[in-house]
Every structure is written in C-alpha cells, then in structure tokens.
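Enquirer: Structure below; questions to follow.
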Amino acid sequence: MSLEGKVAIVTGSGRGLGLAYAQELARQGAAVVINDVDAATAADAVASIESTGGKAVAVVAPVGPTETAKQLVQTAVDTYGRLDILVTNAGVLRDTVLWKMSDDDFDTVINVHLRGTFTTVREAATYMRANEIPGRIITIGSPTGQRGNFGQTNYAAAKAGIVGMVRTWALELKKAGITVNAVIPVAATAMTATVPYFAAAVEADEKGEPMPAFFRHDLGFGTSDDVAGLIAYLASDAAAGVTGQAIGVGGDRLQLWSHPEPVATAYHDGGWSYDALQDGFADAVGPLQSVGEKFPPLPEDLQRPAPGA
Ligand SMILES: NC(=O)c1ccc[n+]([C@@H]2O[C@H](COP(=O)([O-])OP(=O)(O)OC[C@H]3O[C@@H](n4cnc5c(N)ncnc54)[C@H](O)[C@@H]3O)[C@@H](O)[C@H]2O)c1
C-alpha cells in the first residue's frame with residue numbers, strides 16, 4: 001500500500017531519526033516537508049530525497065513557536081497542495097540531575113519537544129479537520145517518558161506529556177478520522193552516541209558493520225532505518241484503526257506500551273483517613289511499582305571503557 005499522493009511534514013529531519021523517517025515516507029511515495037534549525041543538514045536531506053526521485057522541500061525554522069507551525073503547514077499546502085501526515089520528531093537534550101537543572105535547561109527541552117509538538121499538531125489538525133482529510137499524526141516519545149531516567153527531569157516531563165496529549169487528541173480527533181499515536185524509538189544517533197552502554201553498538205554502526213544481536217534483539221536498539229518502517233506504516237491507510245497508542249520500536253523489536261491502569265484497588269468504609277492508611281496502606285496497594293528502565297547486564301565482549309576513563 002503506497003503513500004503516493006500524500007504530503008508529510010517531518011520536524012527535525014535534517015539528520016538522525018527524522019531524516020530516516022522523511023526518506024522512508026518519500027520512498028513510499030509521499031512528498032515531504034523537511035524541517036530543521038540547521039540549514040545545511042536540511043538542504044542535504046532534501047537533496048538525498050530528490051536524488052532518489054522523491055519530492056522534498058525544506059523549512060529552516062525552530063519548532064516551538066506557533067509561527068513555525070503555521071509556516072510548516074503553509075509550505076506543505078503551497079508546495080504540494082495538501083497535508084496528510086505530520087511527524088513531530090524535533091528534539092534536543094539538556095541532561096543533568098534535578099538539583100543542577102537550570103530554568104533554561106528545563107524551558108529549552110519543554111519548548112522544543114512539548115510545546116513544539118502542541119503547536120505543530122494544533123496547526124496540522126486544524127487544517128486536516130477543515131479540509132476533511134483523515135490525517136495521520138505521529139508524535140515521538142521516549143522510554144524516559146514512559147519509565148523515568150536519572151538526569152532527565154526536563155526530557156521525562158516533555159516525553160510523558162506528549163503521550164498524555166496523544167491520548168487526549170486520539171479522543172478529540174476520532175470523529176474526523178485523524179489518527180494520533182506516539183512512537184517510542186530507540187536507535188543509534190547523535191543523541192545516543194555518547195551513552196557508554198550503547199558504545200559497542202554505535203561503534204559497529206559507524207564502521208558500517210551489523211550491530212551485535214544482543215543490542216538488536218535483547219535491547220531493541222538498532223539503526224534509524226529500523227524505526228522508519230513503523231512511521232510509514234502508521235502513516236498508511238492500513239493503520240486507519242490504530243490511534244491513541246504508544247508503540248515502541250528499535251532493532252528487531254516492536255512493542256505496544258500499556259497505558260496506566262490501576263493495578264490495585266482497595267476500599268475503606270468512610271474513606272481512607274490518615275489513621276486508616278497508617279494501618280492499611282501496605283496491604284491495600286500490595287507491591288509498589290518500579291521506576292526507570294531495566295537494562296540487562298552487558299556481555300563482557302560488548303563492554304567499553306567509560307569516556308575519559
Ligand atoms: N535516538 C534515540 O534512541 C531516541 C530515543 C527516544 C526518543 N528519541 C527522540 O527521537 C527524536 C530524534 O532524535 P535523534 O536521536 O534523531 O536526535 P538528533 O539530535 O540526531 O536529531 C534531532 C534533530 O532535530 C533538530 N532540531 C533540534 N531542535 C530543533 C527545533 N527547535 N526545531 C527543528 N529542529 C530541531 C536537530 O538539528 C537535529 O537535526 C527526538 O525527539 C528524540 O527525543 C530518540
């Protein structure tokens with residue numbers, strides 16, 4: 001099933017995962033609006049799609065402000081006549097522990113990921129509703145947003161917030177036939193290249209060698225191209241019934257994430273007073289939930305020294 005005749009916007013698509021998404025959408029027949037803050041990578045992305053016979057145009061502007069969202073939708077409509085698919089991928093990191101995180105670290109990450117997703121989706125959904133286009137909105141979450149991660153207060157807030165918005169938008173846009181999902185990717189990119197745990201996988205990828213099976217299978221960690229197929233699938237007619245979902249993908253692995261559900265429910269006649277909780281909390285809720293991602297131990301041959309060690 002082809003995306004021929006469809007028009008897509010992919011934010012932050014000059015490099016990394018966004019570039020792979022744009023290239024795959026173009027390969028399946030869609031015309032693509034490339035977006036990045038980096039003009040050179042945006043131009044290269046357009047050239048790479050055109051060189052394989054695809055259609056692409058670049059908008060160099062920072063995602064976050066409403067003006068950029070308007071410019072993106074306007075460019076899709078002015079250049080290709082319509083908009084069917086939006087992928088909100090642009091992102092930055094400002095990692096540090098809570099007690100060292102500045103207001104600027106927090107605001108920068110929230111502005112690009114959370115506000116950038118809100119403003120672009122609002123603009124695209126408004127256009128799709130007005131033109132009765134059963135569009136596809138694909139946002140990007142992260143394992144950090146699902147489970148929390150040491151040193152990522154700002155990023156966890158933004159990525160968890162995106163999944164919260166997806167559930168709301170799936171409800172609000174259902175009648176218009178517009179699907180809204182979050183993809184939870186894991187891949188070797190500039191963003192993950194510095195994480196020591198992934199060093200052996202990134203090293204193999206950079207040498208053009210296949211990634212060790214431990215990464216691809218056990219960790220669901222592969223290349224950007226491994227994520228791109230799911231983006232194009234969600235954009236296709238075949239995925240018309242898939243909405244409000246958080247779907248993980250990386251390497252050889254595909255996962256459907258659960259949405260929060262109560263795992264324990266208990267009742268106390270007259271309500272749960274301080275005294276009732278002192279006596280009964282532990283029995284009422286049972287085992288507590290875990291936090292953070294669970295990584296299996298790295299096999300010895302895939303261990304690398306920490307940078308600077
Ligand atoms: N790499 C992973 O394993 C991983 C895991 C989970 C989530 N993600 C998410 O996937 C997305 C892409 O990540 P990546 O690893 O390819 O990162 P990357 O840093 O390689 O690429 C991000 C791109 O976004 C652009 N960008 C940054 N700020 C922008 C802005 N305000 N407006 C427009 N473009 C902007 C950058 O210039 C860059 O080209 C991000 O949302 C990231 O949080 C990545």
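Here's how to read the names in the structure tokens: chain A, B, ... by the order shown, residue numbers from 1 in each chain, ligand numbers from 1 in the order shown.
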Could you make a table, as a tab-separated table, of the residues of chain A that have an atom within 7 Å of an atom of ligand 1, each with its nearest atom pair and distance in Å to one decimal, counting only C-alpha atoms and all ligand atoms, in chain and number order?
Expert:
residue	atom	partner	partner_atom_place_in_ligand_line	distance
A:Thr11	CA	ligand 1	33 (C)	5.7
A:Gly12	CA	ligand 1	24 (O)	3.5
A:Ser13	CA	ligand 1	39 (O)	5.7
A:Gly14	CA	ligand 1	39 (O)	4.5
A:Arg15	CA	ligand 1	39 (O)	4.5
A:Gly16	CA	ligand 1	16 (O)	3.6
A:Leu17	CA	ligand 1	16 (O)	3.8
A:Gly18	CA	ligand 1	16 (O)	5.7
A:Asn35	CA	ligand 1	33 (C)	5.9
A:Asp36	CA	ligand 1	34 (N)	3.8
A:Val37	CA	ligand 1	34 (N)	4.8
A:Asp38	CA	ligand 1	37 (O)	5.3
A:Ala61	CA	ligand 1	32 (N)	6.1
A:Pro62	CA	ligand 1	32 (N)	3.5
A:Val63	CA	ligand 1	32 (N)	3.7
A:Gly64	CA	ligand 1	31 (N)	6.0
A:Asn89	CA	ligand 1	41 (O)	4.5
A:Ala90	CA	ligand 1	24 (O)	4.0
A:Gly91	CA	ligand 1	41 (O)	4.1
A:Val92	CA	ligand 1	27 (C)	5.2
A:Val112	CA	ligand 1	31 (N)	4.9
A:His113	CA	ligand 1	41 (O)	6.5
A:Ile140	CA	ligand 1	41 (O)	5.6
A:Gly141	CA	ligand 1	7 (C)	5.6
A:Ser142	CA	ligand 1	6 (C)	3.9
A:Pro143	CA	ligand 1	6 (C)	6.2
A:Ile184	CA	ligand 1	6 (C)	5.9
A:Pro185	CA	ligand 1	6 (C)	4.8
A:Val186	CA	ligand 1	3 (O)	3.5
A:Ala187	CA	ligand 1	3 (O)	3.9
A:Ala188	CA	ligand 1	1 (N)	5.7
A:Thr189	CA	ligand 1	15 (O)	4.7
A:Ala190	CA	ligand 1	20 (O)	4.4
A:Met191	CA	ligand 1	15 (O)	4.4
A:Thr192	CA	ligand 1	1 (N)	5.2
Enquirer: Residues within 12 Å of A:Leu98, please, as number ranges by chain. Count only C-alpha atoms; anything in the same chain fewer than 3 positions from it doesn't count.
Expert: A: 94-95, 101-103, 105-106, 149-156
Enquirer: May I have the selected residues written with C-alpha atoms, as a compact mmCIF listing (two decimals), in the first residue's frame?
Expert:
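Everything below was put into part.txt:
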# COMPACT_ATOMS: atom_id res chain seq x y z
CA ARG A 94 19.87 19.23 28.30
CA ASP A 95 20.59 16.39 30.72
CA MET A 101 18.99 21.71 36.26
CA SER A 102 18.57 25.40 35.39
CA ASP A 103 15.33 27.07 34.36
CA ASP A 105 17.65 23.66 30.68
CA PHE A 106 14.05 22.92 31.60
CA ASN A 149 15.50 8.21 33.82
CA PHE A 150 18.27 9.56 36.04
CA GLY A 151 19.36 13.05 34.90
CA GLN A 152 16.41 13.71 32.58
CA THR A 153 13.79 15.72 34.52
CA ASN A 154 13.04 18.03 31.57
CA TYR A 155 13.05 15.29 28.92
CA ALA A 156 10.93 12.90 31.03
Enquirer: Which of these residues is nearest to A:Pro262, using only C-alpha atoms: A:Val285, A:Ala26, A:Gly244, A:Gly161?
Expert: A:Val285
Enquirer: Give me the residues near A:Asp84 as a list in words, where near means some atom within 8 Å (using only C-alpha atoms) and where sequence neighbours in that chain fewer than 2 positions away do not count.
Expert: Lys6, Val7, Ala8, Arg82, Leu86, Met128, Ile133, Pro134, Gly135 and Arg136 of chain A
Enquirer: Could you please take those selected residues and save C-alpha atoms as a PDB file, in the first residue's frame?
Expert:
ATOM      1  CA  LYS A   6       0.229  12.055   0.261  1.00  0.00           C
ATOM      2  CA  VAL A   7       2.098  15.009   1.759  1.00  0.00           C
ATOM      3  CA  ALA A   8       4.082  14.795   5.009  1.00  0.00           C
ATOM      4  CA  ARG A  82      -2.357  19.430   0.913  1.00  0.00           C
ATOM      5  CA  LEU A  86       2.740  15.089  10.466  1.00  0.00           C
ATOM      6  CA  MET A 128      -6.968  18.420   8.368  1.00  0.00           C
ATOM      7  CA  ILE A 133      -8.534  14.874   5.476  1.00  0.00           C
ATOM      8  CA  PRO A 134      -8.293  11.664   7.554  1.00  0.00           C
ATOM      9  CA  GLY A 135      -4.753  12.598   8.527  1.00  0.00           C
ATOM     10  CA  ARG A 136      -2.007  10.810  10.404  1.00  0.00           C
TER      11      ARG A 136
END
Enquirer: Stretch 80-240 of chain A: which residues are alpha helix (DSSP H) by DSSP, as a ChimeraX atom specification?
Expert: /A:80,103-109,116-130,143-147,153-173,199-206,213,224-235
Enquirer: For A:Gly286, which residue out of A:Ala264, A:Asp225, A:Gly208, A:Ser273 is the nearest one, using only C-alpha atoms?
Expert: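 Of A:Ala264, A:Asp225, A:Gly208, A:Ser273, the one nearest A:Gly286, counting only C-alpha atoms, is A:Ala264.
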Enquirer: Write out as a ChimeraX atom specification all residues of stretch 36-275 of chain A that DSSP puts in strand (DSSP E or B) for this structure's backbone.
Expert: /A:36,56-60,85-88,96,136-140,152,179-185,187,222,246-250,253-256
Enquirer: Any chance you can output those residues with C-alpha atoms as a compact mmCIF listing (two decimals), in the first residue's frame?
Expert:
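As a result, part34.txt now contains:
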# COMPACT_ATOMS: atom_id res chain seq x y z
CA ASP A 36 15.43 21.68 10.88
CA ALA A 56 11.04 17.36 -0.77
CA VAL A 57 11.25 20.99 0.29
CA ALA A 58 12.93 22.49 3.38
CA VAL A 59 11.68 24.87 6.08
CA VAL A 60 14.57 26.09 8.23
CA ILE A 85 0.94 13.28 7.64
CA LEU A 86 2.74 15.09 10.47
CA VAL A 87 5.69 13.57 12.35
CA THR A 88 6.76 15.69 15.35
CA THR A 96 21.56 16.93 34.35
CA ARG A 136 -2.01 10.81 10.40
CA ILE A 137 -0.29 12.47 13.37
CA ILE A 138 2.75 10.64 14.68
CA THR A 139 4.45 12.07 17.75
CA ILE A 140 7.70 10.87 19.29
CA GLN A 152 16.41 13.71 32.58
CA THR A 179 -5.23 9.06 13.99
CA VAL A 180 -2.74 10.18 16.63
CA ASN A 181 -0.03 7.88 18.01
CA ALA A 182 3.30 8.09 19.82
CA VAL A 183 6.28 6.12 18.60
CA ILE A 184 8.83 5.25 21.29
CA PRO A 185 12.07 4.79 19.32
CA ALA A 187 18.34 3.94 17.81
CA GLY A 222 19.35 -0.63 16.11
CA ALA A 246 2.32 4.29 22.29
CA ILE A 247 4.34 1.89 20.16
CA GLY A 248 7.97 1.05 20.85
CA VAL A 249 10.37 0.07 18.09
CA GLY A 250 14.11 -0.45 17.70
CA ARG A 253 11.86 -5.40 18.35
CA LEU A 254 8.32 -3.97 18.21
CA GLN A 255 6.38 -3.31 21.44
CA LEU A 256 2.96 -1.99 22.41
Enquirer: Could you jot down the atom CA of A:Thr194 to atom CA of A:Thr223 separation for me, Å, one decimal place?
Expert: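 It comes out at 15.1 Å.
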Enquirer: Near A:Met211, counting only C-alpha atoms, which residues have an atom at most 9 Å away, once you skip same-chain residues fewer than 6 positions from it, shown as a list in words?
Expert: Ala200, Ala201, Val202, Glu203, Ala204, Asp205, Phe221, Gly222, Thr223 and Gly251 of chain A
Enquirer: Can you list, as a PyMOL selection string, every protein, DNA or RNA residue that comes within 9 Å of A:Leu72 when you count only C-alpha atoms, leaving out same-chain residues fewer than 3 positions away?
Expert: chain A and resi 9+11+33-35+59+61+67-69+75-77+120+123-124
Enquirer: If you measure from atom CA of A:Ala39 to atom CA of A:Gly54, what distance in Å do you get, rounded to one decimal?
Expert: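 Going from atom CA of A:Ala39 over to atom CA of A:Gly54, I get 19.5 Å.
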Enquirer: In Å to one decimal, how far is atom CA of A:Ala228 from atom CA of A:Glu206?
Expert: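 The value is 18.6 Å.
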Enquirer: Hey, which of A:Pro287, A:Gly292, A:Gly81, A:Gly241 ends up closest to A:Gly145? Count only C-alpha atoms.
Expert: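 Looking at the shortest contact to A:Gly145, the residue is A:Gly292.
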Enquirer: Need the shell around A:Ala170: protein/DNA/RNA residues with any atom at most 7 Å away, counting only C-alpha atoms. Skip same-chain ones fewer than 2 positions apart. Format as a ChimeraX atom specification?
Expert: /A:166-168,172-174,179-180,243-244
